[in-house]
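S.K.: Here you go, final_14.txt (compact mmCIF, N, CA and C atoms):
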```
# COMPACT_ATOMS: atom_id res chain seq x y z
N MET A 16 -33.31 8.57 -25.61
CA MET A 16 -33.54 9.56 -24.58
C MET A 16 -32.74 10.83 -24.93
N GLN A 17 -33.32 11.97 -24.65
CA GLN A 17 -32.65 13.23 -24.93
C GLN A 17 -31.57 13.54 -23.90
N GLU A 18 -30.67 14.44 -24.24
CA GLU A 18 -29.58 14.84 -23.34
C GLU A 18 -30.06 15.99 -22.46
N LEU A 19 -29.73 15.94 -21.18
CA LEU A 19 -30.11 16.99 -20.24
C LEU A 19 -29.07 18.11 -20.27
N LYS A 20 -29.54 19.35 -20.31
CA LYS A 20 -28.64 20.50 -20.29
C LYS A 20 -28.95 21.35 -19.06
N VAL A 21 -27.93 21.51 -18.21
CA VAL A 21 -28.05 22.29 -16.98
C VAL A 21 -28.03 23.79 -17.33
N ASN A 22 -28.72 24.58 -16.53
CA ASN A 22 -28.84 26.03 -16.71
C ASN A 22 -29.57 26.39 -17.99
N ARG A 23 -30.48 25.55 -18.39
CA ARG A 23 -31.30 25.81 -19.57
C ARG A 23 -32.77 25.69 -19.19
N VAL A 24 -33.62 26.29 -20.01
CA VAL A 24 -35.06 26.31 -19.76
C VAL A 24 -35.74 25.17 -20.52
N TYR A 25 -36.64 24.50 -19.80
CA TYR A 25 -37.43 23.41 -20.37
C TYR A 25 -38.91 23.72 -20.23
N ARG A 26 -39.69 23.26 -21.18
CA ARG A 26 -41.14 23.41 -21.14
C ARG A 26 -41.75 22.06 -20.78
N HIS A 27 -42.61 22.06 -19.75
CA HIS A 27 -43.35 20.86 -19.38
C HIS A 27 -44.48 20.68 -20.39
N PHE A 28 -44.88 19.46 -20.65
CA PHE A 28 -45.89 19.21 -21.67
C PHE A 28 -47.23 19.85 -21.35
N LYS A 29 -47.46 20.25 -20.09
CA LYS A 29 -48.70 20.94 -19.73
C LYS A 29 -48.58 22.46 -19.92
N GLY A 30 -47.37 22.94 -20.27
CA GLY A 30 -47.22 24.33 -20.68
C GLY A 30 -46.33 25.24 -19.87
N ASP A 31 -46.01 24.92 -18.63
CA ASP A 31 -45.19 25.81 -17.82
C ASP A 31 -43.69 25.60 -18.09
N TYR A 32 -42.89 26.59 -17.66
CA TYR A 32 -41.45 26.58 -17.93
C TYR A 32 -40.66 26.42 -16.64
N TYR A 33 -39.49 25.76 -16.78
CA TYR A 33 -38.64 25.42 -15.65
C TYR A 33 -37.18 25.59 -16.04
N LEU A 34 -36.37 26.01 -15.06
CA LEU A 34 -34.93 26.12 -15.25
C LEU A 34 -34.26 24.93 -14.59
N VAL A 35 -33.48 24.16 -15.35
CA VAL A 35 -32.73 23.05 -14.77
C VAL A 35 -31.53 23.63 -14.04
N VAL A 36 -31.47 23.39 -12.73
CA VAL A 36 -30.42 23.94 -11.88
C VAL A 36 -29.20 23.01 -11.84
N ASP A 37 -29.45 21.70 -11.70
CA ASP A 37 -28.34 20.76 -11.59
C ASP A 37 -28.88 19.32 -11.59
N VAL A 38 -27.97 18.38 -11.48
CA VAL A 38 -28.31 16.97 -11.32
C VAL A 38 -27.73 16.52 -9.99
N ALA A 39 -28.53 15.83 -9.20
CA ALA A 39 -28.09 15.34 -7.89
C ALA A 39 -28.24 13.82 -7.87
N LYS A 40 -27.47 13.16 -6.99
CA LYS A 40 -27.55 11.71 -6.85
C LYS A 40 -28.12 11.34 -5.49
N HIS A 41 -28.97 10.35 -5.49
CA HIS A 41 -29.52 9.82 -4.24
C HIS A 41 -28.38 9.18 -3.46
N SER A 42 -28.29 9.48 -2.17
CA SER A 42 -27.14 9.04 -1.36
C SER A 42 -27.06 7.53 -1.18
N GLU A 43 -28.17 6.82 -1.29
CA GLU A 43 -28.14 5.37 -1.07
C GLU A 43 -28.24 4.57 -2.36
N THR A 44 -29.00 5.06 -3.32
CA THR A 44 -29.21 4.27 -4.55
C THR A 44 -28.34 4.73 -5.71
N GLY A 45 -27.84 5.96 -5.63
CA GLY A 45 -27.05 6.50 -6.73
C GLY A 45 -27.91 7.00 -7.89
N GLU A 46 -29.24 6.87 -7.78
CA GLU A 46 -30.13 7.33 -8.85
C GLU A 46 -29.97 8.84 -9.04
N GLU A 47 -29.95 9.26 -10.30
CA GLU A 47 -29.81 10.68 -10.61
C GLU A 47 -31.17 11.37 -10.61
N TYR A 48 -31.18 12.57 -10.04
CA TYR A 48 -32.38 13.40 -9.99
C TYR A 48 -32.09 14.75 -10.62
N VAL A 49 -33.06 15.30 -11.32
CA VAL A 49 -32.93 16.64 -11.88
C VAL A 49 -33.46 17.62 -10.84
N VAL A 50 -32.66 18.64 -10.55
CA VAL A 50 -33.08 19.71 -9.65
C VAL A 50 -33.49 20.87 -10.57
N TYR A 51 -34.74 21.31 -10.44
CA TYR A 51 -35.22 22.36 -11.34
C TYR A 51 -36.09 23.36 -10.59
N ARG A 52 -36.16 24.59 -11.15
CA ARG A 52 -36.87 25.70 -10.53
C ARG A 52 -38.05 26.12 -11.40
N LYS A 53 -39.19 26.30 -10.76
CA LYS A 53 -40.37 26.83 -11.46
C LYS A 53 -40.07 28.26 -11.88
N LEU A 54 -40.42 28.61 -13.11
CA LEU A 54 -40.24 29.97 -13.59
C LEU A 54 -41.56 30.73 -13.55
N TYR A 55 -42.35 30.47 -12.52
CA TYR A 55 -43.62 31.16 -12.30
C TYR A 55 -43.93 31.07 -10.81
N GLU A 56 -44.94 31.80 -10.39
CA GLU A 56 -45.39 31.85 -8.99
C GLU A 56 -44.21 32.05 -8.03
N ASP A 57 -43.97 31.10 -7.14
CA ASP A 57 -42.97 31.29 -6.08
C ASP A 57 -41.54 30.93 -6.48
N GLY A 58 -41.33 30.38 -7.68
CA GLY A 58 -39.99 30.03 -8.14
C GLY A 58 -39.34 28.92 -7.33
N SER A 59 -40.15 28.06 -6.73
CA SER A 59 -39.62 27.02 -5.84
C SER A 59 -38.82 25.95 -6.59
N LEU A 60 -37.98 25.26 -5.82
CA LEU A 60 -37.16 24.17 -6.36
C LEU A 60 -37.89 22.84 -6.25
N TRP A 61 -37.67 22.00 -7.25
CA TRP A 61 -38.29 20.67 -7.30
C TRP A 61 -37.24 19.67 -7.74
N ILE A 62 -37.49 18.39 -7.46
CA ILE A 62 -36.63 17.32 -7.98
C ILE A 62 -37.52 16.26 -8.61
N ARG A 63 -36.93 15.55 -9.58
CA ARG A 63 -37.64 14.46 -10.24
C ARG A 63 -36.57 13.51 -10.76
N PRO A 64 -36.83 12.20 -10.74
CA PRO A 64 -35.84 11.28 -11.30
C PRO A 64 -35.49 11.68 -12.74
N LYS A 65 -34.21 11.64 -13.06
CA LYS A 65 -33.74 12.07 -14.38
C LYS A 65 -34.43 11.29 -15.50
N ALA A 66 -34.59 10.00 -15.32
CA ALA A 66 -35.23 9.18 -16.35
C ALA A 66 -36.67 9.65 -16.60
N MET A 67 -37.36 10.04 -15.55
CA MET A 67 -38.74 10.53 -15.69
C MET A 67 -38.74 11.92 -16.34
N PHE A 68 -37.82 12.78 -15.92
CA PHE A 68 -37.74 14.14 -16.47
C PHE A 68 -37.53 14.08 -17.98
N LEU A 69 -36.65 13.20 -18.42
CA LEU A 69 -36.32 13.10 -19.85
C LEU A 69 -37.23 12.14 -20.62
N GLY A 70 -38.14 11.50 -19.92
CA GLY A 70 -38.99 10.50 -20.55
C GLY A 70 -40.07 11.09 -21.45
N GLU A 71 -40.70 10.22 -22.21
CA GLU A 71 -41.77 10.63 -23.11
C GLU A 71 -43.09 10.78 -22.37
N VAL A 72 -43.97 11.59 -22.94
CA VAL A 72 -45.31 11.78 -22.40
C VAL A 72 -46.08 10.47 -22.53
N ASP A 73 -46.83 10.12 -21.50
CA ASP A 73 -47.67 8.92 -21.51
C ASP A 73 -48.85 9.18 -22.45
N ARG A 74 -48.82 8.60 -23.65
CA ARG A 74 -49.84 8.82 -24.68
C ARG A 74 -51.20 8.24 -24.30
N GLU A 75 -51.21 7.20 -23.50
CA GLU A 75 -52.49 6.64 -23.07
C GLU A 75 -53.20 7.58 -22.11
N LYS A 76 -52.44 8.21 -21.21
CA LYS A 76 -53.01 9.11 -20.22
C LYS A 76 -53.28 10.50 -20.81
N TYR A 77 -52.42 10.95 -21.74
CA TYR A 77 -52.53 12.29 -22.33
C TYR A 77 -52.49 12.20 -23.86
N PRO A 78 -53.53 11.63 -24.49
CA PRO A 78 -53.51 11.43 -25.95
C PRO A 78 -53.52 12.72 -26.76
N GLU A 79 -53.99 13.83 -26.19
CA GLU A 79 -54.13 15.08 -26.92
C GLU A 79 -52.86 15.94 -26.92
N VAL A 80 -51.87 15.56 -26.14
CA VAL A 80 -50.64 16.36 -26.02
C VAL A 80 -49.80 16.24 -27.28
N GLU A 81 -49.31 17.39 -27.77
CA GLU A 81 -48.49 17.40 -28.99
C GLU A 81 -47.01 17.17 -28.71
N GLN A 82 -46.55 17.56 -27.53
CA GLN A 82 -45.14 17.44 -27.17
C GLN A 82 -44.75 15.97 -27.02
N THR A 83 -43.58 15.59 -27.49
CA THR A 83 -43.12 14.20 -27.41
C THR A 83 -42.62 13.84 -26.01
N TYR A 84 -41.80 14.72 -25.44
CA TYR A 84 -41.19 14.44 -24.14
C TYR A 84 -41.88 15.21 -23.02
N ARG A 85 -41.79 14.67 -21.81
CA ARG A 85 -42.39 15.32 -20.63
C ARG A 85 -41.87 16.75 -20.47
N PHE A 86 -40.55 16.93 -20.60
CA PHE A 86 -39.92 18.24 -20.57
C PHE A 86 -39.09 18.37 -21.84
N GLU A 87 -39.23 19.49 -22.54
CA GLU A 87 -38.45 19.71 -23.76
C GLU A 87 -37.67 21.00 -23.66
N LEU A 88 -36.40 20.92 -24.08
CA LEU A 88 -35.49 22.06 -24.08
C LEU A 88 -36.04 23.17 -24.96
N GLN A 89 -35.95 24.40 -24.47
CA GLN A 89 -36.40 25.56 -25.22
C GLN A 89 -35.20 26.35 -25.72
N GLU A 90 -35.23 26.69 -26.99
CA GLU A 90 -34.18 27.53 -27.56
C GLU A 90 -34.70 28.96 -27.49
N ILE A 91 -34.11 29.75 -26.61
CA ILE A 91 -34.57 31.12 -26.38
C ILE A 91 -33.51 32.06 -26.94
N PRO A 92 -33.85 32.75 -28.02
CA PRO A 92 -32.85 33.65 -28.64
C PRO A 92 -32.67 34.92 -27.81
N SER A 93 -31.53 35.52 -27.96
CA SER A 93 -31.25 36.79 -27.29
C SER A 93 -32.13 37.89 -27.87
N ALA A 94 -32.58 38.81 -27.02
CA ALA A 94 -33.38 39.95 -27.48
C ALA A 94 -32.48 41.07 -28.00
N VAL A 95 -31.19 40.96 -27.73
CA VAL A 95 -30.24 41.98 -28.17
C VAL A 95 -29.83 41.70 -29.61
N LYS A 96 -29.96 42.69 -30.44
CA LYS A 96 -29.54 42.54 -31.85
C LYS A 96 -28.04 42.71 -31.94
N ARG A 97 -27.40 41.80 -32.59
CA ARG A 97 -25.94 41.84 -32.70
C ARG A 97 -25.51 42.16 -34.10
```
Write the structure described by the file as structure tokens, please.
M.R.:
Amino acid sequence: MQELKVNRVYRHFKGDYYLVVDVAKHSETGEEYVVYRKLYEDGSLWIRPKAMFLGEVDREKYPEVEQTYRFELQEIPSAVKR
């Protein structure tokens, strides 16, 4: 499983981008959830179980997808030349 990085941008396998805001724990089960923000339309906040967020794409359901993981970290270089 890949490592989750907070305050970084991830690409969903269907193509949209999201900012990981933080990790939260369920008050009764202790399960970890990723809190993330859509980087399009209304910019709303969403949560998803961490294991699902970091999990692999279901190849049986989506055989044509090239991305390995459901969400993949994006390396976005600075536009400022140094």
S.K.: Go through chain A and collect every residue that DSSP, computed from the backbone, puts in helix (DSSP H, G or I); the answer should be as a ChimeraX atom specification.
M.R.: /A:65-68
S.K.: Contacts of range 51-58 of chain A at 8 Å or less, counting all atoms listed in the file, minus same-chain residues fewer than 4 places along, as a list in words?
M.R.: Asp31, Tyr32, Tyr33, Leu34, Val35, Val36, Asp37, Val38, Ile62 and Arg63 of chain A
S.K.: Could you tell me how far CA of Arg23 in chain A lies from CA of Glu47 in chain A, in Å and to one decimal?
M.R.: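 Going from CA of Arg23 in chain A over to CA of Glu47 in chain A, I get 17.6 Å.
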S.K.: When you count only C-alpha atoms, which of these residues is closest to Ile91 in chain A: A:Lys65, A:Lys76, A:His41, A:Arg26?
M.R.: A:Arg26
S.K.: Which is closest to Lys29 in chain A among A:Thr44, A:Thr83, A:Ser59, A:Gln17, if we use only C-alpha atoms?
M.R.: A:Thr83
S.K.: Calculated over all atoms listed in the file, which of the candidates A:Arg85, A:Phe28, A:Val21, A:Glu46 has the smallest distance to Met67 in chain A?
M.R.: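 Of A:Arg85, A:Phe28, A:Val21, A:Glu46, the one nearest Met67 in chain A, counting all atoms listed in the file, is A:Arg85.
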S.K.: Would you work out the distance separating atom C of Val80 in chain A from atom N of Ser93 in chain A, expressed in Å to one decimal?
M.R.: 26.6 Å
S.K.: Could you tell me how far CA of Lys20 in chain A sits from CA of Lys96 in chain A, in Å to one decimal place?
M.R.: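 Going from CA of Lys96 in chain A over to CA of Lys20 in chain A covers 24.9 Å.
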S.K.: Counting only N, CA and C atoms, which residue out of A:Leu60, A:Val24, A:Phe86, A:Ser42 sits closest to Val72 in chain A?
M.R.: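 Comparing A:Leu60, A:Val24, A:Phe86, A:Ser42 against Val72 in chain A, the winner is A:Phe86.
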S.K.: I'd like the neighbourhood of Tyr84 in chain A as a list in words, where a residue qualifies if any of its atoms comes within 7 Å (using only C-alpha atoms), though same-chain residues fewer than 4 positions away should be ignored.
M.R.: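 Returned residues: Leu69, Gly70, Glu71 and Val72 of chain A.
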S.K.: Quick one: of A:Ala66, A:Val50, A:Ala94, A:Leu88, who's nearest to Tyr25 in chain A, counting all atoms listed in the file?
M.R.: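 For Tyr25 in chain A, the nearest of the given residues is A:Leu88.
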S.K.: Just save range 70-89 of chain A with N, CA, C and O atoms, as a PDB file, in the first residue's frame.
M.R.:
```
ATOM      1  N   GLY A  70      -6.185   2.165  -1.921  1.00  0.00           N
ATOM      2  CA  GLY A  70      -6.288   0.863  -2.561  1.00  0.00           C
ATOM      3  C   GLY A  70      -6.117   0.906  -4.070  1.00  0.00           C
ATOM      4  O   GLY A  70      -6.121   1.965  -4.705  1.00  0.00           O
ATOM      5  N   GLU A  71      -5.979  -0.271  -4.647  1.00  0.00           N
ATOM      6  CA  GLU A  71      -5.817  -0.403  -6.088  1.00  0.00           C
ATOM      7  C   GLU A  71      -7.163  -0.327  -6.799  1.00  0.00           C
ATOM      8  O   GLU A  71      -8.208  -0.610  -6.215  1.00  0.00           O
ATOM      9  N   VAL A  72      -7.109   0.051  -8.070  1.00  0.00           N
ATOM     10  CA  VAL A  72      -8.299   0.093  -8.910  1.00  0.00           C
ATOM     11  C   VAL A  72      -8.800  -1.332  -9.113  1.00  0.00           C
ATOM     12  O   VAL A  72      -8.011  -2.262  -9.306  1.00  0.00           O
ATOM     13  N   ASP A  73     -10.105  -1.515  -9.060  1.00  0.00           N
ATOM     14  CA  ASP A  73     -10.731  -2.819  -9.301  1.00  0.00           C
ATOM     15  C   ASP A  73     -10.628  -3.121 -10.793  1.00  0.00           C
ATOM     16  O   ASP A  73     -11.355  -2.557 -11.607  1.00  0.00           O
ATOM     17  N   ARG A  74      -9.712  -4.011 -11.175  1.00  0.00           N
ATOM     18  CA  ARG A  74      -9.442  -4.338 -12.579  1.00  0.00           C
ATOM     19  C   ARG A  74     -10.605  -5.069 -13.253  1.00  0.00           C
ATOM     20  O   ARG A  74     -10.773  -4.980 -14.459  1.00  0.00           O
ATOM     21  N   GLU A  75     -11.388  -5.793 -12.485  1.00  0.00           N
ATOM     22  CA  GLU A  75     -12.542  -6.477 -13.070  1.00  0.00           C
ATOM     23  C   GLU A  75     -13.610  -5.468 -13.468  1.00  0.00           C
ATOM     24  O   GLU A  75     -14.232  -5.596 -14.520  1.00  0.00           O
ATOM     25  N   LYS A  76     -13.816  -4.451 -12.639  1.00  0.00           N
ATOM     26  CA  LYS A  76     -14.836  -3.443 -12.898  1.00  0.00           C
ATOM     27  C   LYS A  76     -14.348  -2.390 -13.896  1.00  0.00           C
ATOM     28  O   LYS A  76     -15.132  -1.857 -14.685  1.00  0.00           O
ATOM     29  N   TYR A  77     -13.050  -2.057 -13.856  1.00  0.00           N
ATOM     30  CA  TYR A  77     -12.470  -1.021 -14.714  1.00  0.00           C
ATOM     31  C   TYR A  77     -11.227  -1.555 -15.432  1.00  0.00           C
ATOM     32  O   TYR A  77     -10.109  -1.126 -15.166  1.00  0.00           O
ATOM     33  N   PRO A  78     -11.389  -2.497 -16.370  1.00  0.00           N
ATOM     34  CA  PRO A  78     -10.228  -3.115 -17.027  1.00  0.00           C
ATOM     35  C   PRO A  78      -9.424  -2.162 -17.907  1.00  0.00           C
ATOM     36  O   PRO A  78      -8.235  -2.400 -18.153  1.00  0.00           O
ATOM     37  N   GLU A  79     -10.025  -1.073 -18.374  1.00  0.00           N
ATOM     38  CA  GLU A  79      -9.358  -0.156 -19.297  1.00  0.00           C
ATOM     39  C   GLU A  79      -8.523   0.919 -18.604  1.00  0.00           C
ATOM     40  O   GLU A  79      -7.782   1.640 -19.251  1.00  0.00           O
ATOM     41  N   VAL A  80      -8.622   1.024 -17.296  1.00  0.00           N
ATOM     42  CA  VAL A  80      -7.914   2.073 -16.553  1.00  0.00           C
ATOM     43  C   VAL A  80      -6.425   1.771 -16.488  1.00  0.00           C
ATOM     44  O   VAL A  80      -6.025   0.650 -16.190  1.00  0.00           O
ATOM     45  N   GLU A  81      -5.604   2.802 -16.772  1.00  0.00           N
ATOM     46  CA  GLU A  81      -4.148   2.628 -16.752  1.00  0.00           C
ATOM     47  C   GLU A  81      -3.544   2.831 -15.365  1.00  0.00           C
ATOM     48  O   GLU A  81      -2.509   2.259 -15.050  1.00  0.00           O
ATOM     49  N   GLN A  82      -4.183   3.645 -14.536  1.00  0.00           N
ATOM     50  CA  GLN A  82      -3.664   3.956 -13.206  1.00  0.00           C
ATOM     51  C   GLN A  82      -3.742   2.726 -12.307  1.00  0.00           C
ATOM     52  O   GLN A  82      -4.730   2.003 -12.333  1.00  0.00           O
ATOM     53  N   THR A  83      -2.734   2.493 -11.489  1.00  0.00           N
ATOM     54  CA  THR A  83      -2.696   1.327 -10.598  1.00  0.00           C
ATOM     55  C   THR A  83      -3.580   1.525  -9.370  1.00  0.00           C
ATOM     56  O   THR A  83      -4.342   0.644  -8.999  1.00  0.00           O
ATOM     57  N   TYR A  84      -3.462   2.691  -8.741  1.00  0.00           N
ATOM     58  CA  TYR A  84      -4.190   2.958  -7.504  1.00  0.00           C
ATOM     59  C   TYR A  84      -5.400   3.858  -7.744  1.00  0.00           C
ATOM     60  O   TYR A  84      -5.413   4.668  -8.676  1.00  0.00           O
ATOM     61  N   ARG A  85      -6.389   3.736  -6.871  1.00  0.00           N
ATOM     62  CA  ARG A  85      -7.608   4.556  -6.968  1.00  0.00           C
ATOM     63  C   ARG A  85      -7.256   6.045  -6.976  1.00  0.00           C
ATOM     64  O   ARG A  85      -7.780   6.818  -7.769  1.00  0.00           O
ATOM     65  N   PHE A  86      -6.373   6.467  -6.065  1.00  0.00           N
ATOM     66  CA  PHE A  86      -5.871   7.836  -6.027  1.00  0.00           C
ATOM     67  C   PHE A  86      -4.349   7.763  -6.068  1.00  0.00           C
ATOM     68  O   PHE A  86      -3.753   7.006  -5.302  1.00  0.00           O
ATOM     69  N   GLU A  87      -3.736   8.559  -6.933  1.00  0.00           N
ATOM     70  CA  GLU A  87      -2.275   8.567  -7.018  1.00  0.00           C
ATOM     71  C   GLU A  87      -1.740   9.975  -6.807  1.00  0.00           C
ATOM     72  O   GLU A  87      -2.265  10.950  -7.358  1.00  0.00           O
ATOM     73  N   LEU A  88      -0.680  10.050  -5.998  1.00  0.00           N
ATOM     74  CA  LEU A  88      -0.014  11.310  -5.684  1.00  0.00           C
ATOM     75  C   LEU A  88       0.513  11.955  -6.957  1.00  0.00           C
ATOM     76  O   LEU A  88       1.091  11.282  -7.807  1.00  0.00           O
ATOM     77  N   GLN A  89       0.319  13.262  -7.072  1.00  0.00           N
ATOM     78  CA  GLN A  89       0.804  14.021  -8.221  1.00  0.00           C
ATOM     79  C   GLN A  89       1.997  14.869  -7.814  1.00  0.00           C
ATOM     80  O   GLN A  89       1.951  15.569  -6.810  1.00  0.00           O
TER      81      GLN A  89
END
```
